[in-house]
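Shown next, in structure tokens, is the structure this report addresses.
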Amino acid sequence: MVQLQRFFDEYFMSEALHLARKGLARTSPNPMVGAVLTKDNKVIGRGFHRCCGEAHAETVALIDARGKTAGATLYTNLEPCVHHGRTPPCAEAIVRARLRRVVVESIMFKSTSASSRPRPKN
Ligand SMILES: [Zn+2]
């Protein structure tokens with residue numbers, strides 16, 4: 001049973017990473033983040049951080065789940081934020097949503113654009 005849950009964990013984390021990449025070159029200076037919400041190993045919500053200043057991936061996934069989040073599992077590639085910035089902290093929204101598990105990969109994708117890529121030194 002533990003092996004099966006590990007399979008699902010890796011599968012849904014892979015989807016969260018795939019979603020994170022959709023923010024490529026648009027989230028800077030924020031990282032690219034994806035989130036998948038599941039219940040009984042079925043997806044009930046998905047989200048990614050589209051653009052700096054817009055809702056974070058976890059919040060988008062919670063909204064996508066339309067309030068059916070109690071007992072759900074969240075997969076995200078980066079630890080949910082706890083600070084008040086342009087958007088409220090995701091950690092508080094996660095607590096309010098009464099999730100059962102939060103699985104974090106902690107891989108940070110930097111969103112780069114052509115102008116922010118490191119330039120070769122002379
Ligand atoms: Zn956040």
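In the structure tokens, chains take letters A, B, ... by order of appearance, with residues numbered from 1 within each chain and ligands from 1 in the order shown.
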Which residues of chain A have any atom within 8 Å of an atom in ligand 1 when counting only C-alpha atoms and all ligand atoms, and what is the closest pair of atoms for each, with the distance in Å to one decimal? Order the rows by chain and rising number and write it as a Markdown table.
```
| residue | atom | partner | partner_atom_place_in_ligand_line | distance |
| --- | --- | --- | --- | --- |
| A:Ala55 | CA | ligand 1 | 1 (Zn) | 7.6 |
| A:His56 | CA | ligand 1 | 1 (Zn) | 4.8 |
| A:Ala57 | CA | ligand 1 | 1 (Zn) | 7.1 |
| A:Glu58 | CA | ligand 1 | 1 (Zn) | 6.6 |
| A:Thr59 | CA | ligand 1 | 1 (Zn) | 7.2 |
| A:Pro80 | CA | ligand 1 | 1 (Zn) | 5.2 |
| A:Cys81 | CA | ligand 1 | 1 (Zn) | 4.2 |
| A:Val82 | CA | ligand 1 | 1 (Zn) | 7.0 |
| A:His83 | CA | ligand 1 | 1 (Zn) | 7.8 |
| A:Thr87 | CA | ligand 1 | 1 (Zn) | 7.3 |
| A:Pro88 | CA | ligand 1 | 1 (Zn) | 7.2 |
| A:Pro89 | CA | ligand 1 | 1 (Zn) | 5.3 |
| A:Cys90 | CA | ligand 1 | 1 (Zn) | 4.2 |
| A:Ala91 | CA | ligand 1 | 1 (Zn) | 7.1 |
```
So that I have them on file, write out the residues from the current selection with N, CA and C atoms, as a PDB file, in the first residue's frame.
```pdb
ATOM      1  N   ALA A  55      -2.599  35.276  -8.496  1.00  0.00           N
ATOM      2  CA  ALA A  55      -2.739  34.226  -7.477  1.00  0.00           C
ATOM      3  C   ALA A  55      -1.672  33.144  -7.625  1.00  0.00           C
ATOM      4  N   HIS A  56      -1.234  32.618  -6.496  1.00  0.00           N
ATOM      5  CA  HIS A  56      -0.245  31.551  -6.496  1.00  0.00           C
ATOM      6  C   HIS A  56      -0.906  30.225  -6.885  1.00  0.00           C
ATOM      7  N   ALA A  57      -0.082  29.283  -7.293  1.00  0.00           N
ATOM      8  CA  ALA A  57      -0.571  27.997  -7.802  1.00  0.00           C
ATOM      9  C   ALA A  57      -1.481  27.275  -6.812  1.00  0.00           C
ATOM     10  N   GLU A  58      -1.109  27.299  -5.532  1.00  0.00           N
ATOM     11  CA  GLU A  58      -1.899  26.575  -4.531  1.00  0.00           C
ATOM     12  C   GLU A  58      -3.306  27.159  -4.437  1.00  0.00           C
ATOM     13  N   THR A  59      -3.393  28.487  -4.436  1.00  0.00           N
ATOM     14  CA  THR A  59      -4.685  29.166  -4.359  1.00  0.00           C
ATOM     15  C   THR A  59      -5.524  28.874  -5.599  1.00  0.00           C
ATOM     16  N   PRO A  80       4.594  26.113   0.263  1.00  0.00           N
ATOM     17  CA  PRO A  80       3.623  27.209   0.214  1.00  0.00           C
ATOM     18  C   PRO A  80       4.082  28.414   1.040  1.00  0.00           C
ATOM     19  N   CYS A  81       3.813  29.604   0.533  1.00  0.00           N
ATOM     20  CA  CYS A  81       4.269  30.820   1.198  1.00  0.00           C
ATOM     21  C   CYS A  81       3.468  31.097   2.467  1.00  0.00           C
ATOM     22  N   VAL A  82       4.097  31.821   3.386  1.00  0.00           N
ATOM     23  CA  VAL A  82       3.446  32.178   4.651  1.00  0.00           C
ATOM     24  C   VAL A  82       3.410  33.693   4.846  1.00  0.00           C
ATOM     25  N   HIS A  83       3.840  34.431   3.839  1.00  0.00           N
ATOM     26  CA  HIS A  83       3.946  35.882   3.986  1.00  0.00           C
ATOM     27  C   HIS A  83       2.817  36.614   3.245  1.00  0.00           C
ATOM     28  N   THR A  87      -0.219  38.964  -2.698  1.00  0.00           N
ATOM     29  CA  THR A  87      -1.354  38.059  -2.481  1.00  0.00           C
ATOM     30  C   THR A  87      -1.293  37.541  -1.044  1.00  0.00           C
ATOM     31  N   PRO A  88      -2.429  37.097  -0.487  1.00  0.00           N
ATOM     32  CA  PRO A  88      -2.405  36.553   0.882  1.00  0.00           C
ATOM     33  C   PRO A  88      -1.607  35.249   0.939  1.00  0.00           C
ATOM     34  N   PRO A  89      -1.154  34.846   2.134  1.00  0.00           N
ATOM     35  CA  PRO A  89      -0.334  33.635   2.240  1.00  0.00           C
ATOM     36  C   PRO A  89      -1.106  32.359   1.869  1.00  0.00           C
ATOM     37  N   CYS A  90      -0.489  31.521   1.074  1.00  0.00           N
ATOM     38  CA  CYS A  90      -1.112  30.254   0.667  1.00  0.00           C
ATOM     39  C   CYS A  90      -1.275  29.330   1.868  1.00  0.00           C
ATOM     40  N   ALA A  91      -0.348  29.383   2.815  1.00  0.00           N
ATOM     41  CA  ALA A  91      -0.415  28.486   3.975  1.00  0.00           C
ATOM     42  C   ALA A  91      -1.741  28.666   4.722  1.00  0.00           C
TER      43      ALA A  91
END
```
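Comparing the minimum interatomic distances between A:Ala16 and each of A:Ile94, A:Pro29, A:Gly47, A:Thr38, counting only C-alpha atoms, we find that A:Gly47 sits nearest.
The two atoms in question, atom CA of A:Arg21 and atom CA of A:Ile44, are spaced 20.0 Å apart.
Counting from atom CA of A:Thr69, the distance to atom CA of A:Phe7 is 21.6 Å.
Look at A:Ala35: the protein and nucleic acid residues within 8 Å of it, using only C-alpha atoms and passing over chain neighbours fewer than 5 places away, are Ala16, Leu17, Leu19, Ala20, Arg46, Gly47, Phe48, Ala57, Glu58, Ala61, Leu74, Tyr75, Thr76 and Asn77 of chain A.
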Original post:
What are the DSSP strand (DSSP E or B) residues of chain A, as a list in words?
Top reply: Pro31, Met32, Gly34, Ala35, Val36, Leu37, Thr38, Lys39, Lys42, Val43, Ile44, Gly45, Arg46, Gly47, Phe48, Thr73, Leu74, Tyr75, Thr76, Arg101, Val102, Val103, Val104, Phe109 and Lys110 of chain A
Write out, as a compact mmCIF listing (two decimals), in the first residue's frame, the residues just selected, with C-alpha atoms.
```
# COMPACT_ATOMS: atom_id res chain seq x y z
CA PRO A 31 9.44 31.17 -9.08
CA MET A 32 7.37 28.93 -11.34
CA GLY A 34 2.42 24.24 -10.03
CA ALA A 35 -0.13 22.57 -7.77
CA VAL A 36 -2.39 19.55 -7.99
CA LEU A 37 -5.14 18.75 -5.50
CA THR A 38 -6.33 15.16 -5.18
CA LYS A 39 -8.90 13.27 -3.19
CA LYS A 42 -8.26 11.55 -8.21
CA VAL A 43 -7.50 15.10 -9.33
CA ILE A 44 -10.02 17.65 -8.00
CA GLY A 45 -8.06 20.84 -8.73
CA ARG A 46 -5.08 22.14 -10.69
CA GLY A 47 -3.26 25.43 -10.77
CA PHE A 48 -0.06 27.22 -11.63
CA THR A 73 -3.89 16.13 -0.71
CA LEU A 74 -1.97 19.01 -2.25
CA TYR A 75 1.09 18.40 -4.44
CA THR A 76 3.26 21.41 -5.17
CA ARG A 101 -1.65 16.09 3.34
CA VAL A 102 0.67 18.55 1.64
CA VAL A 103 3.44 17.03 -0.50
CA VAL A 104 6.22 19.47 -1.39
CA PHE A 109 12.22 26.94 -11.06
CA LYS A 110 13.42 30.43 -11.76
```
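Reported to one decimal place, the separation of atom CA of A:Ala97 from atom CA of A:His84 is 18.1 Å.
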Original post:
Of the residues A:Val33, A:Lys22, A:Glu54, A:Gly85, which is the one nearest to A:Glu105, using only C-alpha atoms?
Top reply: A:Val33
Original post:
Got a sec to tell me which of stretch 4-92 of chain A DSSP assigns to alpha helix (DSSP H), as JSON, numbers by chain?
Top reply: {"A": [4, 5, 6, 7, 8, 9, 10, 11, 12, 13, 14, 15, 16, 17, 18, 19, 20, 57, 58, 59, 60, 61, 62, 63, 64, 90, 91, 92]}
**OP:** Excluding A:Arg50 and any residue of its chain fewer than 6 positions from it, enumerate the residues within 7 Å of it, using only C-alpha atoms, and give them as number ranges by chain.
**Re:** A: 23, 26-27
Dump as an mmCIF file, in the first residue's frame, selection limited to C-alpha atoms:
```cif
data_model
loop_
_atom_site.group_PDB
_atom_site.id
_atom_site.type_symbol
_atom_site.label_atom_id
_atom_site.label_comp_id
_atom_site.auth_asym_id
_atom_site.auth_seq_id
_atom_site.Cartn_x
_atom_site.Cartn_y
_atom_site.Cartn_z
ATOM 1 C CA GLY A 23 4.626 29.994 -16.088
ATOM 2 C CA ARG A 26 6.111 35.186 -16.931
ATOM 3 C CA THR A 27 6.473 34.752 -13.158
#
```
